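Listing of protein-v1.pdb, PDB, C-alpha atoms, pLDDT in the B column
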```
ATOM      1  CA  MET A1280      10.799   5.978   7.971  1.00 50.00           C
ATOM      2  CA  SER A1281       8.816   2.758   7.985  1.00 55.00           C
ATOM      3  CA  ILE A1282       6.761   1.773  10.991  1.00 59.00           C
ATOM      4  CA  ASN A1283       8.663  -1.540  10.966  1.00 56.00           C
ATOM      5  CA  GLN A1284      11.934   0.349  11.332  1.00 64.00           C
ATOM      6  CA  GLU A1285      10.526   2.231  14.326  1.00 68.00           C
ATOM      7  CA  ILE A1286       9.450  -0.965  16.125  1.00 66.00           C
ATOM      8  CA  GLU A1287      12.640  -2.866  15.280  1.00 69.00           C
ATOM      9  CA  ASN A1288      13.912  -2.844  18.893  1.00 73.00           C
ATOM     10  CA  THR A1289      10.569  -3.652  20.502  1.00 78.00           C
ATOM     11  CA  ARG A1290       9.003  -6.982  21.359  1.00 76.00           C
ATOM     12  CA  LEU A1291       6.208  -6.484  18.847  1.00 76.00           C
ATOM     13  CA  THR A1292       5.925  -9.012  16.049  1.00 78.00           C
ATOM     14  CA  LYS A1293       7.296  -7.585  12.827  1.00 81.00           C
ATOM     15  CA  ARG A1294       4.789  -8.046  10.017  1.00 86.00           C
ATOM     16  CA  VAL A1295       4.693  -7.453   6.304  1.00 89.00           C
ATOM     17  CA  ALA A1296       1.887  -7.372   3.749  1.00 91.00           C
ATOM     18  CA  LEU A1297       1.569  -9.864   0.921  1.00 94.00           C
ATOM     19  CA  ILE A1298      -0.510  -8.714  -2.029  1.00 95.00           C
ATOM     20  CA  ILE A1299      -2.189 -11.768  -3.522  1.00 96.00           C
ATOM     21  CA  TYR A1300      -3.973 -11.707  -6.888  1.00 96.00           C
ATOM     22  CA  LEU A1301      -6.643 -14.408  -7.138  1.00 95.00           C
ATOM     23  CA  ARG A1302      -8.417 -16.215  -9.956  1.00 93.00           C
ATOM     24  CA  SER A1303     -11.783 -16.136  -8.170  1.00 90.00           C
ATOM     25  CA  VAL A1304     -13.321 -13.843  -5.559  1.00 86.00           C
ATOM     26  CA  SER A1305     -14.420 -16.689  -3.298  1.00 88.00           C
ATOM     27  CA  ASP A1306     -10.893 -18.064  -2.958  1.00 87.00           C
ATOM     28  CA  GLN A1307      -9.878 -15.375  -0.462  1.00 88.00           C
ATOM     29  CA  TYR A1308     -11.299 -17.474   2.381  1.00 89.00           C
ATOM     30  CA  LYS A1309      -8.748 -20.213   1.706  1.00 92.00           C
ATOM     31  CA  LEU A1310      -5.936 -17.818   2.668  1.00 93.00           C
ATOM     32  CA  ARG A1311      -7.090 -17.179   6.245  1.00 91.00           C
ATOM     33  CA  HIS A1312      -4.851 -19.792   7.835  1.00 90.00           C
ATOM     34  CA  TYR A1313      -1.725 -18.163   6.320  1.00 93.00           C
ATOM     35  CA  GLY A1314      -2.238 -14.791   8.003  1.00 92.00           C
ATOM     36  CA  ASP A1315      -4.655 -11.926   8.566  1.00 93.00           C
ATOM     37  CA  ILE A1316      -6.624 -10.628   5.586  1.00 94.00           C
ATOM     38  CA  VAL A1317      -6.824  -6.869   6.074  1.00 92.00           C
ATOM     39  CA  TYR A1318      -8.210  -5.824   2.683  1.00 92.00           C
ATOM     40  CA  PHE A1319      -9.962  -7.477  -0.233  1.00 93.00           C
ATOM     41  CA  SER A1320     -11.000  -6.041  -3.598  1.00 92.00           C
ATOM     42  CA  LYS A1321     -13.814  -7.829  -5.396  1.00 92.00           C
ATOM     43  CA  ASN A1322     -13.372  -5.847  -8.602  1.00 93.00           C
ATOM     44  CA  MET A1323      -9.632  -6.376  -8.925  1.00 93.00           C
ATOM     45  CA  LYS A1324      -9.604  -9.836  -7.280  1.00 93.00           C
ATOM     46  CA  TYR A1325      -6.762  -9.277  -4.857  1.00 94.00           C
ATOM     47  CA  CYS A1326      -6.280  -9.264  -1.125  1.00 94.00           C
ATOM     48  CA  VAL A1327      -3.734  -7.934   1.339  1.00 94.00           C
ATOM     49  CA  LEU A1328      -2.582 -10.519   3.829  1.00 94.00           C
ATOM     50  CA  TYR A1329      -0.404  -9.660   6.836  1.00 93.00           C
ATOM     51  CA  VAL A1330       2.137 -12.312   7.831  1.00 94.00           C
ATOM     52  CA  ASN A1331       5.183 -12.452  10.108  1.00 91.00           C
ATOM     53  CA  ARG A1332       8.161 -10.868   8.385  1.00 88.00           C
ATOM     54  CA  LYS A1333      10.445 -13.840   9.126  1.00 90.00           C
ATOM     55  CA  GLU A1334       8.081 -16.213   7.305  1.00 91.00           C
ATOM     56  CA  ALA A1335       7.134 -13.875   4.440  1.00 91.00           C
ATOM     57  CA  LYS A1336       9.400 -15.269   1.697  1.00 93.00           C
ATOM     58  CA  GLU A1337       8.506 -18.885   2.428  1.00 95.00           C
ATOM     59  CA  LEU A1338       4.790 -18.067   2.591  1.00 95.00           C
ATOM     60  CA  LYS A1339       5.015 -16.048  -0.613  1.00 95.00           C
ATOM     61  CA  ASN A1340       6.464 -19.060  -2.443  1.00 95.00           C
ATOM     62  CA  GLU A1341       3.964 -21.450  -0.852  1.00 95.00           C
ATOM     63  CA  ILE A1342       0.950 -19.263  -1.656  1.00 96.00           C
ATOM     64  CA  ALA A1343       2.178 -18.641  -5.209  1.00 95.00           C
ATOM     65  CA  GLN A1344       2.041 -22.409  -5.821  1.00 95.00           C
ATOM     66  CA  LEU A1345      -1.678 -22.601  -4.976  1.00 95.00           C
ATOM     67  CA  ASP A1346      -3.854 -23.246  -8.022  1.00 94.00           C
ATOM     68  CA  PHE A1347      -6.271 -20.368  -7.294  1.00 94.00           C
ATOM     69  CA  VAL A1348      -3.513 -17.725  -7.058  1.00 95.00           C
ATOM     70  CA  ASN A1349      -2.369 -15.701 -10.079  1.00 94.00           C
ATOM     71  CA  HIS A1350       0.470 -13.731  -8.513  1.00 94.00           C
ATOM     72  CA  VAL A1351       1.950 -12.814  -5.097  1.00 96.00           C
ATOM     73  CA  GLU A1352       4.006  -9.734  -4.193  1.00 94.00           C
ATOM     74  CA  ILE A1353       5.624  -8.597  -0.969  1.00 91.00           C
ATOM     75  CA  SER A1354       4.494  -5.051  -0.242  1.00 87.00           C
ATOM     76  CA  PRO A1355       7.155  -2.403  -0.884  1.00 81.00           C
ATOM     77  CA  GLU A1356       6.143  -0.542   2.299  1.00 74.00           C
ATOM     78  CA  GLU A1357       9.751  -0.419   3.518  1.00 66.00           C
ATOM     79  CA  LYS A1358      10.535   1.966   0.663  1.00 68.00           C
ATOM     80  CA  VAL A1359       7.855   4.486   1.682  1.00 67.00           C
ATOM     81  CA  ASN A1360       9.411   7.470   3.433  1.00 69.00           C
ATOM     82  CA  LEU A1361       7.209   8.461   6.387  1.00 67.00           C
ATOM     83  CA  ASP A1362       9.689  10.880   7.910  1.00 74.00           C
ATOM     84  CA  SER A1363       7.829  13.987   9.115  1.00 78.00           C
ATOM     85  CA  GLN A1364      10.226  16.365   7.327  1.00 82.00           C
ATOM     86  CA  HIS A1365       9.735  14.529   4.057  1.00 78.00           C
ATOM     87  CA  ILE A1366       5.954  14.594   4.399  1.00 82.00           C
ATOM     88  CA  GLU A1367       5.970  18.277   5.359  1.00 87.00           C
ATOM     89  CA  GLY A1368       8.122  19.054   2.311  1.00 86.00           C
ATOM     90  CA  GLN A1369       5.632  17.269   0.091  1.00 87.00           C
ATOM     91  CA  LEU A1370       2.747  19.232   1.614  1.00 90.00           C
ATOM     92  CA  VAL A1371       4.554  22.537   1.058  1.00 91.00           C
ATOM     93  CA  GLU A1372       5.191  21.629  -2.599  1.00 92.00           C
ATOM     94  CA  MET A1373       1.555  20.635  -3.078  1.00 93.00           C
ATOM     95  CA  ALA A1374       0.388  23.915  -1.517  1.00 93.00           C
ATOM     96  CA  LYS A1375       2.657  25.944  -3.801  1.00 92.00           C
ATOM     97  CA  GLU A1376       1.381  24.120  -6.863  1.00 93.00           C
ATOM     98  CA  ALA A1377      -2.236  24.610  -5.776  1.00 93.00           C
ATOM     99  CA  GLU A1378      -1.623  28.343  -5.295  1.00 93.00           C
ATOM    100  CA  LYS A1379      -0.098  28.608  -8.777  1.00 93.00           C
ATOM    101  CA  ARG A1380      -3.063  26.816 -10.335  1.00 92.00           C
ATOM    102  CA  LEU A1381      -5.509  29.016  -8.445  1.00 92.00           C
ATOM    103  CA  GLN A1382      -3.679  32.162  -9.518  1.00 92.00           C
ATOM    104  CA  LEU A1383      -3.643  31.032 -13.164  1.00 91.00           C
ATOM    105  CA  GLU A1384      -7.343  30.245 -13.034  1.00 89.00           C
ATOM    106  CA  GLN A1385      -8.138  33.630 -11.491  1.00 90.00           C
ATOM    107  CA  GLU A1386      -6.107  35.385 -14.199  1.00 88.00           C
ATOM    108  CA  LYS A1387      -7.926  33.368 -16.860  1.00 85.00           C
ATOM    109  CA  ASN A1388     -11.306  34.353 -15.381  1.00 85.00           C
ATOM    110  CA  GLU A1389     -10.285  38.019 -15.278  1.00 84.00           C
ATOM    111  CA  ASP A1390      -9.234  37.881 -18.942  1.00 82.00           C
ATOM    112  CA  GLN A1391     -12.576  36.321 -19.920  1.00 83.00           C
ATOM    113  CA  MET A1392     -14.511  39.034 -18.093  1.00 80.00           C
ATOM    114  CA  ARG A1393     -12.766  41.782 -20.067  1.00 71.00           C
TER     115      ARG A1393
END
```
Give the structure from the file, written as structure tokens.
Amino acid sequence: MSINQEIENTRLTKRVALIIYLRSVSDQYKLRHYGDIVYFSKNMKYCVLYVNRKEAKELKNEIAQLDFVNHVEISPEEKVNLDSQHIEGQLVEMAKEAEKRLQLEQEKNEDQMR
């Protein structure tokens, strides 16, 4: 379940992340008046900008028109399943796979010692 779904009935401002790919590293500062920059990658020339969910589509189109912007995406965070049962199931599967790998490696080491 998304955090936005959990706060749906609260008075908190619903926000969403825009992922903005830039032409130049220094252009990130020009985006500050659109929202809050929470992450920036110099190597990949992109930033994550949080904006109000109600304004996200309009801001996405507006920012995409800027000459220093290559591409803008709305984060797919709503599709991420954060339900505790789902996460626990994933952890159990990962643990089983790790145990299998460890067992195979131990068997391989035993065979090499013989």
Checklist entry - What residues come out when you apply the PyMOL selection byres ((chain A and resi 1303) around 10) to this file, written as a PyMOL selection string? => result chain A and resi 1300-1302+1304-1307+1321+1324-1325+1347-1349
Item to check | Gap from CA of Glu1376 in chain A to CA of Arg1393 in chain A - Å, one decimal | outcome: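 Atom-to-atom, CA of Glu1376 in chain A to CA of Arg1393 in chain A, that is 26.2 Å.
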Next on the checklist: Suppose a student applies the PyMOL selection byres ((chain A and resi 1310) around 12) to this structure; what residues should they get, written as a VMD selection string?
Outcome noted: chain A and resid 1297 to 1301 1304 to 1309 1311 to 1317 1319 1325 to 1330 1338 to 1339 1341 to 1343 1345 1347 to 1348
Checklist entry - If you measure from CA of Arg1294 in chain A to CA of Ile1353 in chain A, what distance in Å do you get, rounded to one decimal? => result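 We find that CA of Arg1294 in chain A and CA of Ile1353 in chain A lie 11.0 Å from each other.
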Item to check | Atom-to-atom span, CA of Glu1337 in chain A and CA of Pro1355 in chain A, Å | outcome: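 Spanning CA of Glu1337 in chain A to CA of Pro1355 in chain A is a straight-line distance of 16.9 Å.
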Determine the axis-aligned bounding box of all atoms of range 1316-1335 of chain A present in the file, pad each side by 8 Å, and express its centre and edge lengths in Å to one decimal place as JSON.
```
{"center_x": -1.7, "center_y": -11.0, "center_z": 0.6, "size_x": 40.3, "size_y": 26.4, "size_z": 35.0}
```
